[in-house]
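A.B. asks: Coordinates in input_0.csv, CSV, C-alpha atoms, are listed below.
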chain,number,residue,atom,x,y,z
C,1,LYS,CA,100.2,152.9,150.2
C,2,ASN,CA,103.2,154.3,152.1
C,3,GLN,CA,106.2,152.1,151.8
C,4,VAL,CA,109.9,152.1,152.7
C,5,GLU,CA,112.4,149.8,151.1
C,6,GLN,CA,115.9,149.2,152.2
C,7,SER,CA,118.9,147.6,150.6
C,8,PRO,CA,120.9,145.6,151.0
C,9,GLN,CA,119.0,143.2,153.3
C,10,SER,CA,122.3,142.2,155.0
C,11,LEU,CA,125.9,143.2,154.7
C,12,ILE,CA,129.2,141.9,156.1
C,13,ILE,CA,132.3,144.2,156.1
C,14,LEU,CA,135.7,144.2,157.7
C,15,GLU,CA,136.4,146.5,160.7
C,16,GLY,CA,137.7,149.9,159.5
C,17,LYS,CA,136.0,149.8,156.2
C,18,ASN,CA,133.2,152.1,155.1
C,19,CYS,CA,129.7,151.2,153.9
C,20,THR,CA,126.6,152.8,152.6
C,21,LEU,CA,123.0,151.6,153.2
C,22,GLN,CA,120.1,152.6,151.0
C,23,CYS,CA,116.5,153.6,151.6
C,24,ASN,CA,113.8,154.4,149.0
C,25,TYR,CA,110.4,155.5,150.2
C,26,THR,CA,107.0,156.3,148.8
C,27,VAL,CA,105.5,158.2,151.8
C,28,SER,CA,103.3,161.2,151.2
C,29,PRO,CA,103.0,163.8,152.4
C,30,PHE,CA,106.6,163.6,153.6
C,31,SER,CA,107.5,165.1,157.0
C,32,ASN,CA,110.9,163.7,158.0
C,33,LEU,CA,113.2,160.7,157.7
C,34,ARG,CA,115.1,159.0,160.5
C,35,TRP,CA,117.7,156.4,160.6
C,36,TYR,CA,117.6,154.1,163.6
C,37,LYS,CA,120.2,151.7,164.9
C,38,GLN,CA,118.8,148.6,166.6
C,39,ASP,CA,121.2,146.4,168.5
C,40,THR,CA,120.3,142.8,169.0
C,41,GLY,CA,117.8,142.5,171.9
C,42,ARG,CA,117.3,146.2,172.2
C,43,GLY,CA,114.9,148.8,170.9
C,44,PRO,CA,115.7,151.1,168.0
C,45,VAL,CA,117.7,154.3,168.8
C,46,SER,CA,117.6,157.3,166.5
C,47,LEU,CA,120.8,158.2,164.7
C,48,THR,CA,119.7,161.1,162.5
C,49,ILE,CA,116.6,163.0,161.4
C,50,MET,CA,116.2,165.0,158.2
C,51,THR,CA,113.3,167.2,157.1
C,52,PHE,CA,112.4,168.0,153.5
C,53,SER,CA,114.9,170.9,153.3
C,54,GLU,CA,117.9,169.0,154.6
C,55,ASN,CA,120.0,166.9,152.4
C,56,THR,CA,122.7,165.8,154.8
C,57,LYS,CA,123.1,165.2,158.5
C,58,SER,CA,126.0,163.7,160.4
C,59,ASN,CA,126.3,162.0,163.8
C,60,GLY,CA,129.8,161.1,164.4
C,61,ARG,CA,130.9,158.4,162.0
C,62,TYR,CA,127.3,158.2,160.6
C,63,THR,CA,126.3,160.5,157.7
C,64,ALA,CA,122.8,160.4,156.3
C,65,THR,CA,121.8,162.0,153.0
C,66,LEU,CA,118.3,162.8,151.6
C,67,ASP,CA,117.2,163.4,148.1
C,68,ALA,CA,113.5,164.5,148.5
C,69,ASP,CA,113.1,164.7,144.7
C,70,THR,CA,114.0,161.0,144.0
C,71,LYS,CA,112.7,160.0,147.5
C,72,GLN,CA,116.0,158.3,148.4
C,73,SER,CA,118.2,158.3,151.4
C,74,SER,CA,121.5,156.8,152.3
C,75,LEU,CA,123.4,156.1,155.6
C,76,HIS,CA,127.1,156.1,155.3
C,77,ILE,CA,129.2,154.6,158.0
C,78,THR,CA,132.9,155.6,158.1
C,79,ALA,CA,135.7,153.5,159.6
C,80,SER,CA,133.4,150.8,160.9
C,81,GLN,CA,133.8,149.3,164.3
C,82,LEU,CA,132.6,146.0,165.7
C,83,SER,CA,130.0,147.9,167.8
C,84,ASP,CA,128.4,149.0,164.5
C,85,SER,CA,127.1,145.5,164.1
C,86,ALA,CA,123.3,146.0,164.3
C,87,SER,CA,120.2,146.4,162.2
C,88,TYR,CA,119.8,149.9,160.6
C,89,ILE,CA,116.2,150.9,160.0
C,90,CYS,CA,115.0,153.7,157.8
C,91,VAL,CA,111.8,155.3,159.1
C,92,VAL,CA,109.7,157.9,157.3
C,93,SER,CA,107.1,160.1,158.9
C,94,ALA,CA,104.1,161.6,157.1
C,95,THR,CA,102.5,164.9,158.0
C,96,GLY,CA,99.0,165.0,159.3
C,97,GLY,CA,97.3,162.5,161.5
C,98,GLY,CA,99.8,162.6,164.3
C,99,ASN,CA,103.2,161.0,163.9
C,100,LYS,CA,102.5,157.9,161.9
C,101,LEU,CA,105.8,156.2,161.0
C,102,THR,CA,106.5,153.8,158.1
C,103,PHE,CA,109.3,151.5,158.9
C,104,GLY,CA,111.7,149.8,156.5
C,105,THR,CA,112.6,146.2,157.1
C,106,GLY,CA,116.2,147.2,158.0
C,107,THR,CA,119.7,146.3,156.8
C,108,GLN,CA,121.5,143.8,159.0
C,109,LEU,CA,125.1,144.9,159.2
C,110,LYS,CA,127.9,142.7,160.6
C,111,VAL,CA,131.4,144.1,161.1
C,112,GLU,CA,134.1,141.5,161.4
C,113,LEU,CA,137.8,141.5,162.3
R,1,GLU,CA,116.7,160.4,182.4
R,2,ALA,CA,115.3,156.9,182.7
R,3,GLY,CA,114.3,155.3,179.4
R,4,VAL,CA,111.2,153.3,178.5
R,5,ALA,CA,111.0,150.2,180.7
R,6,GLN,CA,109.4,147.0,179.6
R,7,SER,CA,108.8,143.7,181.3
R,8,PRO,CA,109.3,140.8,181.0
R,9,ARG,CA,112.2,140.8,178.6
R,10,TYR,CA,111.5,137.3,177.5
R,11,LYS,CA,108.4,135.1,177.6
R,12,ILE,CA,107.7,131.6,176.3
R,13,ILE,CA,104.2,130.2,176.2
R,14,GLU,CA,102.2,127.5,174.5
R,15,LYS,CA,99.6,128.4,171.9
R,16,ARG,CA,96.2,129.2,173.3
R,17,GLN,CA,97.7,130.5,176.5
R,18,SER,CA,97.4,134.1,177.6
R,19,VAL,CA,100.2,136.6,178.1
R,20,ALA,CA,100.6,140.2,179.3
R,21,PHE,CA,103.3,142.7,178.7
R,22,TRP,CA,104.0,145.9,180.7
R,23,CYS,CA,105.4,149.2,179.7
R,24,ASN,CA,106.5,152.2,181.8
R,25,PRO,CA,107.1,155.2,179.4
R,26,ILE,CA,109.5,158.1,180.0
R,27,SER,CA,108.1,160.4,182.7
R,28,GLY,CA,106.0,163.2,181.2
R,29,HIS,CA,105.5,161.5,177.8
R,30,ALA,CA,101.8,161.8,176.8
R,31,THR,CA,101.9,159.5,173.8
R,32,LEU,CA,102.6,155.7,174.1
R,33,TYR,CA,102.9,153.2,171.3
R,34,TRP,CA,102.9,149.4,171.1
R,35,TYR,CA,104.7,147.8,168.1
R,36,GLN,CA,105.0,144.2,167.0
R,37,GLN,CA,108.3,143.4,165.3
R,38,ILE,CA,108.5,140.0,163.6
R,39,LEU,CA,112.0,138.6,163.0
R,40,GLY,CA,113.5,140.2,159.9
R,41,GLN,CA,110.9,142.9,159.6
R,42,GLY,CA,110.4,146.5,160.7
R,43,PRO,CA,108.1,147.3,163.7
R,44,LYS,CA,104.4,147.4,163.0
R,45,LEU,CA,102.2,149.8,165.0
R,46,LEU,CA,99.6,148.0,167.0
R,47,ILE,CA,98.1,150.8,169.1
R,48,GLN,CA,98.8,154.4,170.0
R,49,PHE,CA,97.6,156.1,173.2
R,50,GLN,CA,97.4,159.8,173.8
R,51,ASN,CA,97.3,160.0,177.6
R,52,ASN,CA,94.7,157.3,178.5
R,53,GLY,CA,92.8,157.5,175.2
R,54,VAL,CA,93.3,155.4,172.1
R,55,VAL,CA,94.3,157.4,169.0
R,56,ASP,CA,95.0,154.5,166.6
R,57,ASP,CA,94.3,150.8,167.0
R,58,SER,CA,93.5,150.1,163.3
R,59,GLN,CA,96.2,147.3,163.1
R,60,LEU,CA,95.4,145.7,166.5
R,61,PRO,CA,93.9,142.2,166.1
R,62,LYS,CA,91.1,143.0,168.5
R,63,ASP,CA,89.8,139.4,168.7
R,64,ARG,CA,92.8,138.4,170.7
R,65,PHE,CA,94.8,141.5,171.5
R,66,SER,CA,93.9,144.2,174.0
R,67,ALA,CA,95.7,147.1,175.6
R,68,GLU,CA,95.0,149.7,178.2
R,69,ARG,CA,96.6,152.8,179.8
R,70,LEU,CA,94.1,153.5,182.5
R,71,LYS,CA,95.9,156.3,184.4
R,72,GLY,CA,97.7,157.7,181.3
R,73,VAL,CA,101.1,156.4,182.5
R,74,ASP,CA,101.9,152.7,182.5
R,75,SER,CA,100.4,150.4,179.8
R,76,THR,CA,99.7,146.7,179.4
R,77,LEU,CA,99.3,144.7,176.3
R,78,LYS,CA,97.5,141.4,176.5
R,79,ILE,CA,97.2,138.5,174.1
R,80,GLN,CA,94.5,135.9,174.7
R,81,PRO,CA,94.7,133.3,173.3
R,82,ALA,CA,98.1,133.4,171.7
R,83,LYS,CA,98.8,131.9,168.3
R,84,LEU,CA,102.1,130.6,166.8
R,85,GLU,CA,102.2,133.7,164.5
R,86,ASP,CA,102.3,136.0,167.5
R,87,SER,CA,105.9,135.1,168.1
R,88,ALA,CA,107.7,138.4,167.8
R,89,VAL,CA,109.3,141.2,169.8
R,90,TYR,CA,106.8,143.6,171.3
R,91,LEU,CA,108.2,147.1,171.5
R,92,CYS,CA,106.8,150.0,173.6
R,93,ALA,CA,107.7,153.6,172.7
R,94,SER,CA,106.8,156.9,174.1
R,95,SER,CA,107.0,160.6,173.0
R,96,ILE,CA,106.3,163.9,174.7
R,97,THR,CA,103.7,164.7,172.1
R,98,SER,CA,102.3,162.8,169.1
R,99,ARG,CA,104.6,164.7,166.8
R,100,ALA,CA,107.8,164.4,168.8
R,101,GLU,CA,110.6,161.8,168.6
R,102,GLN,CA,109.6,158.3,169.8
R,103,PHE,CA,111.9,156.6,172.3
R,104,PHE,CA,111.8,152.9,172.3
R,105,GLY,CA,112.1,150.4,175.1
R,106,PRO,CA,114.2,147.2,174.9
R,107,GLY,CA,111.2,145.1,173.9
R,108,THR,CA,109.7,141.8,175.1
R,109,ARG,CA,110.6,138.8,173.0
R,110,LEU,CA,107.6,136.4,172.9
R,111,THR,CA,107.9,132.8,171.7
R,112,VAL,CA,104.7,130.8,171.2
R,113,LEU,CA,105.2,127.1,171.0
Once more with this new file: its structure as structure tokens, please.

C.D. replies:
Amino acid sequence: KNQVEQSPQSLIILEGKNCTLQCNYTVSPFSNLRWYKQDTGRGPVSLTIMTFSENTKSNGRYTATLDADTKQSSLHITASQLSDSASYICVVSATGGGNKLTFGTGTQLKVEL
Amino acid sequence: EAGVAQSPRYKIIEKRQSVAFWCNPISGHATLYWYQQILGQGPKLLIQFQNNGVVDDSQLPKDRFSAERLKGVDSTLKIQPAKLEDSAVYLCASSITSRAEQFFGPGTRLTVL
């Protein structure tokens, strides 16, 4: 069964600090992995996408890494801002059968002053 | 470019009542998805349309949920009758093709009392 697990479940950090969110997956055959940001009351918005051959991808202060051998990914947020407060969801896509996505349960991040 | 539109944004009903949600995907997007996101969980695919045909409805509770996309553009999702456990955010997403990035709408938050 395809699964995506994320940790921690929730995280509180001070503004300006860095943090790293983790994602482990058992999705096969692997196509790509996305990190989404979901603000409260809004739909998820894609931050990064990585395929099998990519091991790092940046989008501003967000840097995602992928280790396809260990089936792990991380999302690193640098110099956090209050607007980074959101749920971050790891989503893995399998090849074949269209674009079926397996969603993680998300990490709820809160950035405080 | 306009995003995925959904209405209503919020709905409160009593159990056993009926409710309908509407989604207008991004223009030109052939694939449309409805997801259910229960609080604290990742989205779960309910149904996927390719134009006006159903591609995947394996996780749609067909005894009470129905969806249609008659003209291959807008879509409606209906619940009849609603149960307490249907309380969730219902997300609509669309993509140009079934393998392309999915863009999500803001969701409809349903509360069943």

A.B. asks: Hey, can you check how far atom CA of Cys92 of chain R sits from atom CA of Pro25 of chain R?

C.D. replies: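 So the two atoms, atom CA of Cys92 of chain R and atom CA of Pro25 of chain R, lie 7.8 Å apart.
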
A.B. asks: Using only C-alpha atoms, which residues sit within 9 Å of Gly42 of chain R once same-chain residues fewer than 5 positions away are excluded, as an MDAnalysis selection string?

C.D. replies: (chainID C and resid 89 102:106) or (chainID R and resid 36:37)

A.B. asks: Using C-alpha atoms, can you export the residues from the last selection as a JSON list (two decimals), in the frame of the given file?

C.D. replies:
[["chain", "number", "residue", "atom", "x", "y", "z"],
["C", 89, "ILE", "CA", 116.20, 150.90, 160.00],
["C", 102, "THR", "CA", 106.50, 153.80, 158.10],
["C", 103, "PHE", "CA", 109.30, 151.50, 158.90],
["C", 104, "GLY", "CA", 111.70, 149.80, 156.50],
["C", 105, "THR", "CA", 112.60, 146.20, 157.10],
["C", 106, "GLY", "CA", 116.20, 147.20, 158.00],
["R", 36, "GLN", "CA", 105.00, 144.20, 167.00],
["R", 37, "GLN", "CA", 108.30, 143.40, 165.30]]

A.B. asks: Write out as a list in words the residues lying within 10 Å of Asp67 of chain C, counting all atoms listed in the file and excluding same-chain residues fewer than 4 positions away.

C.D. replies: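 Near Asp67 of chain C, the qualifying residues are Asn24, Phe52, Ser53, Glu54, Asn55, Thr56, Lys71, Gln72, Ser73 and Ser74 of chain C.
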
A.B. asks: Report, in Å to a single decimal, how far apart atom CA of Phe49 of chain R and atom CA of Ala20 of chain R are.

C.D. replies: 17.3 Å

A.B. asks: At a cut-off of 6 Å, can you tabulate as JSON lines every residue of chain R near chain C together with its closest atom pair and the distance in Å to one decimal, using all atoms listed in the file and ordering rows by chain then number?

C.D. replies:
{"residue": "R:Gln41", "atom": "CA", "partner": "C:Thr105", "partner_atom": "CA", "distance": 4.5}
{"residue": "R:Gly42", "atom": "CA", "partner": "C:Thr105", "partner_atom": "CA", "distance": 4.2}
{"residue": "R:Ser98", "atom": "CA", "partner": "C:Gly98", "partner_atom": "CA", "distance": 5.4}
{"residue": "R:Arg99", "atom": "CA", "partner": "C:Asn99", "partner_atom": "CA", "distance": 4.9}
{"residue": "R:Phe104", "atom": "CA", "partner": "C:Gly43", "partner_atom": "CA", "distance": 5.3}
{"residue": "R:Gly105", "atom": "CA", "partner": "C:Gly43", "partner_atom": "CA", "distance": 5.3}
{"residue": "R:Pro106", "atom": "CA", "partner": "C:Arg42", "partner_atom": "CA", "distance": 4.2}

A.B. asks: Box in all listed atoms of segment 49-54 of chain R, axis-aligned, with 3 Å more on each side; write out centre and edge lengths in Å to one decimal as lines of an AutoDock Vina configuration file.

C.D. replies:
center_x = 95.2
center_y = 157.7
center_z = 175.3
size_x = 10.8
size_y = 10.6
size_z = 12.4

A.B. asks: Given all atoms listed in the file as the basis, pick out the residue of R:Val55, R:Leu70, R:Ala2, R:Ile12 nearest to Thr31 of chain R.

C.D. replies: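 Going through R:Val55, R:Leu70, R:Ala2, R:Ile12 one by one, the smallest distance to Thr31 of chain R is for R:Val55.
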
A.B. asks: Just the number, please: distance in Å from atom CA of Pro29 of chain C to atom CA of Ser94 of chain R, one decimal.

C.D. replies: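 Pair atom CA of Pro29 of chain C / atom CA of Ser94 of chain R returns 23.1 Å.
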
A.B. asks: I'd like the contact shell of Ala88 of chain R - 8 Å cut-off, only C-alpha atoms, skipping same-chain residues fewer than 6 positions apart - returned as a ChimeraX atom specification.

C.D. replies: /R:36-39,109-111

A.B. asks: What's around Leu47 of chain C at 12 Å? Count all atoms listed in the file, leave out sequence neighbours fewer than 5 positions away in its own chain, and write the answer as JSON, numbers by chain.

C.D. replies: {"C": [33, 34, 35, 36, 37, 38, 57, 58, 59, 60, 61, 62, 63, 64, 75, 76, 77, 84, 88, 89, 90, 91], "R": [101, 103]}

A.B. asks: Nearest to Ile79 of chain R: which of R:Asn24, R:Thr108, R:Ser18, R:Ser7 is it, counting all atoms listed in the file?

C.D. replies: R:Ser18

A.B. asks: Would you please work out which residue, of R:Leu113, R:Val4, R:Ala100, R:Leu60, is nearest to Ser27 of chain R when using all atoms listed in the file?

C.D. replies: R:Val4

A.B. asks: Generate the coordinates of N, CA and C atoms for segment 66-80 of chain C; report them as an mmCIF file, keeping the file's coordinate frame.

C.D. replies:
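Result file follows (selection.cif):
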data_model
loop_
_atom_site.group_PDB
_atom_site.id
_atom_site.type_symbol
_atom_site.label_atom_id
_atom_site.label_comp_id
_atom_site.auth_asym_id
_atom_site.auth_seq_id
_atom_site.Cartn_x
_atom_site.Cartn_y
_atom_site.Cartn_z
ATOM 1 N N LEU C 66 119.728 162.832 152.049
ATOM 2 C CA LEU C 66 118.300 162.800 151.600
ATOM 3 C C LEU C 66 118.165 163.489 150.314
ATOM 4 N N ASP C 67 117.560 162.822 149.345
ATOM 5 C CA ASP C 67 117.200 163.400 148.100
ATOM 6 C C ASP C 67 115.641 163.354 148.023
ATOM 7 N N ALA C 68 114.993 164.461 148.379
ATOM 8 C CA ALA C 68 113.500 164.500 148.500
ATOM 9 C C ALA C 68 112.893 164.379 147.073
ATOM 10 N N ASP C 69 113.641 164.741 146.037
ATOM 11 C CA ASP C 69 113.100 164.700 144.700
ATOM 12 C C ASP C 69 112.963 163.231 144.228
ATOM 13 N N THR C 70 114.003 162.440 144.457
ATOM 14 C CA THR C 70 114.000 161.000 144.000
ATOM 15 C C THR C 70 113.471 160.133 145.168
ATOM 16 N N LYS C 71 113.220 160.710 146.345
ATOM 17 C CA LYS C 71 112.700 160.000 147.500
ATOM 18 C C LYS C 71 113.689 158.833 147.873
ATOM 19 N N GLN C 72 114.946 159.237 148.002
ATOM 20 C CA GLN C 72 116.000 158.300 148.400
ATOM 21 C C GLN C 72 116.810 158.859 149.523
ATOM 22 N N SER C 73 117.283 157.954 150.368
ATOM 23 C CA SER C 73 118.200 158.300 151.400
ATOM 24 C C SER C 73 119.269 157.294 151.556
ATOM 25 N N SER C 74 120.396 157.708 152.092
ATOM 26 C CA SER C 74 121.500 156.800 152.300
ATOM 27 C C SER C 74 122.077 157.041 153.709
ATOM 28 N N LEU C 75 122.632 156.003 154.285
ATOM 29 C CA LEU C 75 123.400 156.100 155.600
ATOM 30 C C LEU C 75 124.765 155.609 155.313
ATOM 31 N N HIS C 76 125.747 156.476 155.479
ATOM 32 C CA HIS C 76 127.100 156.100 155.300
ATOM 33 C C HIS C 76 127.824 155.978 156.610
ATOM 34 N N ILE C 77 128.481 154.848 156.788
ATOM 35 C CA ILE C 77 129.200 154.600 158.000
ATOM 36 C C ILE C 77 130.709 154.598 157.684
ATOM 37 N N THR C 78 131.448 155.440 158.358
ATOM 38 C CA THR C 78 132.900 155.600 158.100
ATOM 39 C C THR C 78 133.686 154.855 159.147
ATOM 40 N N ALA C 79 134.759 154.225 158.700
ATOM 41 C CA ALA C 79 135.700 153.500 159.600
ATOM 42 C C ALA C 79 134.931 152.662 160.595
ATOM 43 N N SER C 80 134.268 151.658 160.068
ATOM 44 C CA SER C 80 133.400 150.800 160.900
ATOM 45 C C SER C 80 134.080 150.185 162.055
#
